Amino acid sequence: MGALHTAPRLETERLILRAWRAEDVEPFIAMMAEPEVAAFLTTTQQPLDRQAAWSALALILGHWALRGHGLFAVEEKQTGAFIGRFGAWAPEGRAEPELGWGLARAAWGKGYAVEAARAAGDWIFAALAPPRLSSFIHAANARSQALAARLGFRAEAETYHAGAPHQIWRVAKADWPR
Amino acid sequence: MNGPTLTTARLILRPPTHADFDDYAQMGAEEETMRFIGGLAPRDASWRAMASLAGSWALLGYGMFSVLRRDTGEWIGRLGPWRPGGKEGGWPGDEVGWGLKASAMGQGFAQEGASAAIDWAFDTLGWEHVIHCIDKKNAPSIALAERLGSTLEREDLTLPAPFDAHKVDIYGQSKAAWRARAR
């Protein structure tokens with residue numbers, strides 16, 4: 001099936017970051033219903049039902065339509081399976097783009113997050129040329145904090161975001177690993 | 001952006017683009033306009049709402065259009081086919097909805113645009129029935145639904161979040177009834 005929008009295709013050793021396709025809709029809905037994924041990825045910290053997950057995906061695709069960039073669908077090369085969404089997140093009101101990440105539970109523990117996040121971050125710095133990237137991370141989300149640290153981000157501030165305490169992590173272009 | 005451009009006597013209907021956003025956000029700040037269509041929306045909420053319309057076009061191949069006046073090019077609102085979640089979701093049916101900014105109301109623009117959108121939905125999307133989800137207290141919208149030939153079908157429905165703040169009544173009509181009406 002064809003892409004639902006225009007986006008570059010990024011390849012890493014084991015992953016493909018690409019435009020969303022119709023066949024990604026069901027695995028995305030399934031991913032957003034996983035309690036461990038939803039705990040730090042949704043504004044309610046609760047799993048999303050089908051309708052809410054669809055709306056979240058409509059927002060991701062609308063972000064591509066309005067901004068010309070956004071969160072890529074991530075595919076595992078070996079299986080072709082959809083495993084998550086990584087990329088730029090810059091809705092109205094954000095001073096700098098966020099590097100967003102989110103991986104389906106079955107794809108955890110394989111080093112995919114750092115692999116996909118590096119590719120997405122490389123692309124954002126090259127294509128959008130922001131002076132730095134941010135990441136809003138739930139105060140209790142130790143896994144994401146570890147990933148951010150590994151990517152060169154530093155925790156710079158605390159804020160209340162999506163109804164919960166969050167840390168704002170940032171990385172300048174000069175500190176981005178290459 | 002995928003999607004058609006429809007032209008009526010006075011209007012252009014096309015999928016929303018980033019250039020529409022300031023106007024969209026301005027409409028979101030009009031209390032009277034927004035009372036029955038989600039409430040006052042700050043800029044960031046307006047952006048998410050407009051992105052959701054654009055996302056619907058990408059996911060379903062349809063969504064609400066931006067409405068522009070042909071004579072001035074002015075953006076005056078958004079209307080059109082709308083079923084967030086698609087067929088498998090919780091929306092009560094295939095809707096054509098509308099919302100125009102205050103300065104564009106009372107001139108028949110909503111009826112003109114909605115008629116073109118309903119024609120397009122029946123002709124192109126294969127819909128057999130169209131509905132309009134309207135707050136019981138929204139008299140101007142109910143009057144427009146009735147002018148379009150739709151009748152009250154269901155009452156006091158709660159729409160799926162994030163559209164669940166107020167209950168709505170459902171007005172609607174079949175494709176056959178729409179096509180049988182002389183317009």
# chains A, B, ... in the order shown; residues from 1 in each chain; ligands from 1
>>> select_by_dssp(residues="chain A", states="strand (DSSP E or B)", output="ChimeraX atom specification")
/A:3,10-11,15-18,21,71-76,82-89,98-100,103,132-138,154-161,164-172
>>> interface_residues(of="chain B", to="chain A", cutoff="9 Å", atoms="only C-alpha atoms", output="PyMOL selection string")
chain B and resi 1-2+16-19+43-59+84-86+88-91+160-162
>>> atom_distance(atom1="CA of Met34 (chain B)", atom2="CA of Glu95 (chain B)")
18.4 Å
>>> residues_around(residues="Gly77 (chain B)", least_positions_apart="4", cutoff="9 Å", atoms="only C-alpha atoms", output="PyMOL selection string")
chain B and resi 23-24+27+65-68+98-101+104+110
>>> atom_distance(atom1="CA of Ala148 (chain A)", atom2="CA of Ala7 (chain A)")
24.6 Å
>>> select_by_dssp(residues="chain A", states="alpha helix (DSSP H)", output="MDAnalysis selection string")
chainID A and resid 25:32 35:38 50:67 112:128 142:150
>>> residues_around(residues="Ser134 (chain A)", least_positions_apart="6", cutoff="9 Å", atoms="only C-alpha atoms", output="compact mmCIF listing (two decimals) with N, CA, C and O atoms, in the first residue's frame")
# COMPACT_ATOMS: atom_id res chain seq x y z
N GLU A 96 11.17 25.16 20.41
CA GLU A 96 12.15 24.41 19.65
C GLU A 96 11.58 23.02 19.40
O GLU A 96 10.75 22.55 20.18
N PRO A 97 12.00 22.36 18.32
CA PRO A 97 11.43 21.04 18.05
C PRO A 97 11.85 20.03 19.11
O PRO A 97 12.96 20.09 19.63
N GLU A 98 10.93 19.14 19.39
CA GLU A 98 11.23 18.03 20.28
C GLU A 98 11.66 16.85 19.42
O GLU A 98 11.16 16.65 18.32
N LEU A 99 12.62 16.08 19.93
CA LEU A 99 12.91 14.78 19.33
C LEU A 99 12.01 13.79 20.07
O LEU A 99 12.19 13.53 21.25
N GLY A 100 11.00 13.29 19.35
CA GLY A 100 10.03 12.40 20.00
C GLY A 100 10.36 10.95 19.73
O GLY A 100 10.84 10.61 18.64
N PHE A 153 21.66 14.51 25.51
CA PHE A 153 20.76 15.49 26.13
C PHE A 153 21.16 15.70 27.60
O PHE A 153 21.73 14.79 28.23
N ILE A 168 12.57 18.85 31.25
CA ILE A 168 12.89 19.27 29.88
C ILE A 168 14.38 19.00 29.66
O ILE A 168 15.23 19.57 30.34
N TRP A 169 14.65 18.10 28.77
CA TRP A 169 16.03 17.77 28.39
C TRP A 169 16.34 18.48 27.08
O TRP A 169 15.47 18.64 26.22
N ARG A 170 17.59 18.92 26.95
CA ARG A 170 17.99 19.60 25.70
C ARG A 170 19.36 19.13 25.25
O ARG A 170 20.20 18.75 26.08
N VAL A 171 19.56 19.19 23.93
CA VAL A 171 20.89 18.93 23.39
C VAL A 171 21.18 19.95 22.30
O VAL A 171 20.32 20.18 21.43
N ALA A 172 22.34 20.60 22.38
CA ALA A 172 22.74 21.54 21.32
C ALA A 172 23.34 20.74 20.16
O ALA A 172 23.82 19.62 20.34
>>> residues_around(residues="Thr12 (chain A)", least_positions_apart="3", cutoff="12 Å", atoms="only C-alpha atoms", output="ChimeraX atom specification")
/A:9,15-18,74-78,111-120,122-123
>>> residues_around(residues="Leu125 (chain B)", least_positions_apart="3", cutoff="10 Å", atoms="only C-alpha atoms", output="list in words")
Gly61, Tyr62, Pro81, Ile118, Asp119, Trp120, Ala121, Phe122 and Glu128 of chain B
>>> write_last_selection(atoms="N, CA, C and O atoms", output="PDB file, in the first residue's frame")
ATOM      1  N   GLY B  61      -8.769  10.040   3.432  1.00  0.00           N
ATOM      2  CA  GLY B  61      -9.034  10.570   2.092  1.00  0.00           C
ATOM      3  C   GLY B  61     -10.153  11.594   2.087  1.00  0.00           C
ATOM      4  O   GLY B  61     -10.607  12.027   1.025  1.00  0.00           O
ATOM      5  N   TYR B  62     -10.607  11.986   3.248  1.00  0.00           N
ATOM      6  CA  TYR B  62     -11.556  13.094   3.354  1.00  0.00           C
ATOM      7  C   TYR B  62     -11.415  13.734   4.719  1.00  0.00           C
ATOM      8  O   TYR B  62     -10.785  13.176   5.622  1.00  0.00           O
ATOM      9  N   PRO B  81     -16.944  16.716   5.207  1.00  0.00           N
ATOM     10  CA  PRO B  81     -17.092  15.356   5.719  1.00  0.00           C
ATOM     11  C   PRO B  81     -16.169  15.086   6.887  1.00  0.00           C
ATOM     12  O   PRO B  81     -14.999  15.456   6.866  1.00  0.00           O
ATOM     13  N   ILE B 118     -21.807  17.951   0.739  1.00  0.00           N
ATOM     14  CA  ILE B 118     -22.707  16.783   0.759  1.00  0.00           C
ATOM     15  C   ILE B 118     -22.754  16.149  -0.629  1.00  0.00           C
ATOM     16  O   ILE B 118     -22.679  14.921  -0.768  1.00  0.00           O
ATOM     17  N   ASP B 119     -22.861  16.976  -1.664  1.00  0.00           N
ATOM     18  CA  ASP B 119     -22.793  16.447  -3.038  1.00  0.00           C
ATOM     19  C   ASP B 119     -21.524  15.615  -3.221  1.00  0.00           C
ATOM     20  O   ASP B 119     -21.568  14.501  -3.737  1.00  0.00           O
ATOM     21  N   TRP B 120     -20.390  16.181  -2.815  1.00  0.00           N
ATOM     22  CA  TRP B 120     -19.105  15.505  -3.006  1.00  0.00           C
ATOM     23  C   TRP B 120     -19.057  14.197  -2.224  1.00  0.00           C
ATOM     24  O   TRP B 120     -18.593  13.176  -2.727  1.00  0.00           O
ATOM     25  N   ALA B 121     -19.572  14.214  -0.993  1.00  0.00           N
ATOM     26  CA  ALA B 121     -19.538  13.001  -0.158  1.00  0.00           C
ATOM     27  C   ALA B 121     -20.385  11.893  -0.785  1.00  0.00           C
ATOM     28  O   ALA B 121     -19.967  10.738  -0.837  1.00  0.00           O
ATOM     29  N   PHE B 122     -21.571  12.250  -1.258  1.00  0.00           N
ATOM     30  CA  PHE B 122     -22.436  11.227  -1.870  1.00  0.00           C
ATOM     31  C   PHE B 122     -21.863  10.760  -3.217  1.00  0.00           C
ATOM     32  O   PHE B 122     -21.900   9.580  -3.539  1.00  0.00           O
ATOM     33  N   GLU B 128     -24.066   6.650   1.899  1.00  0.00           N
ATOM     34  CA  GLU B 128     -25.488   6.411   1.639  1.00  0.00           C
ATOM     35  C   GLU B 128     -26.364   7.283   2.519  1.00  0.00           C
ATOM     36  O   GLU B 128     -27.567   7.384   2.299  1.00  0.00           O
TER      37      GLU B 128
END
>>> atom_distance(atom1="CA of Ala106 (chain A)", atom2="CA of Gly2 (chain A)")
25.4 Å
>>> residues_around(residues="Asn138 (chain B)", least_positions_apart="5", cutoff="9 Å", atoms="only C-alpha atoms", output="list in words")
Arg35, Phe36 and Ala143 of chain B
>>> closest_residue(among="B:Gln111, B:Gly63, B:Asp123, B:Gly93", to="Leu157 (chain B)", atoms="only C-alpha atoms")
B:Gly93
>>> closest_residue(among="A:Ala81, A:Leu71, A:Ala142, A:Leu10", to="Glu23 (chain A)", atoms="only C-alpha atoms")
A:Ala81
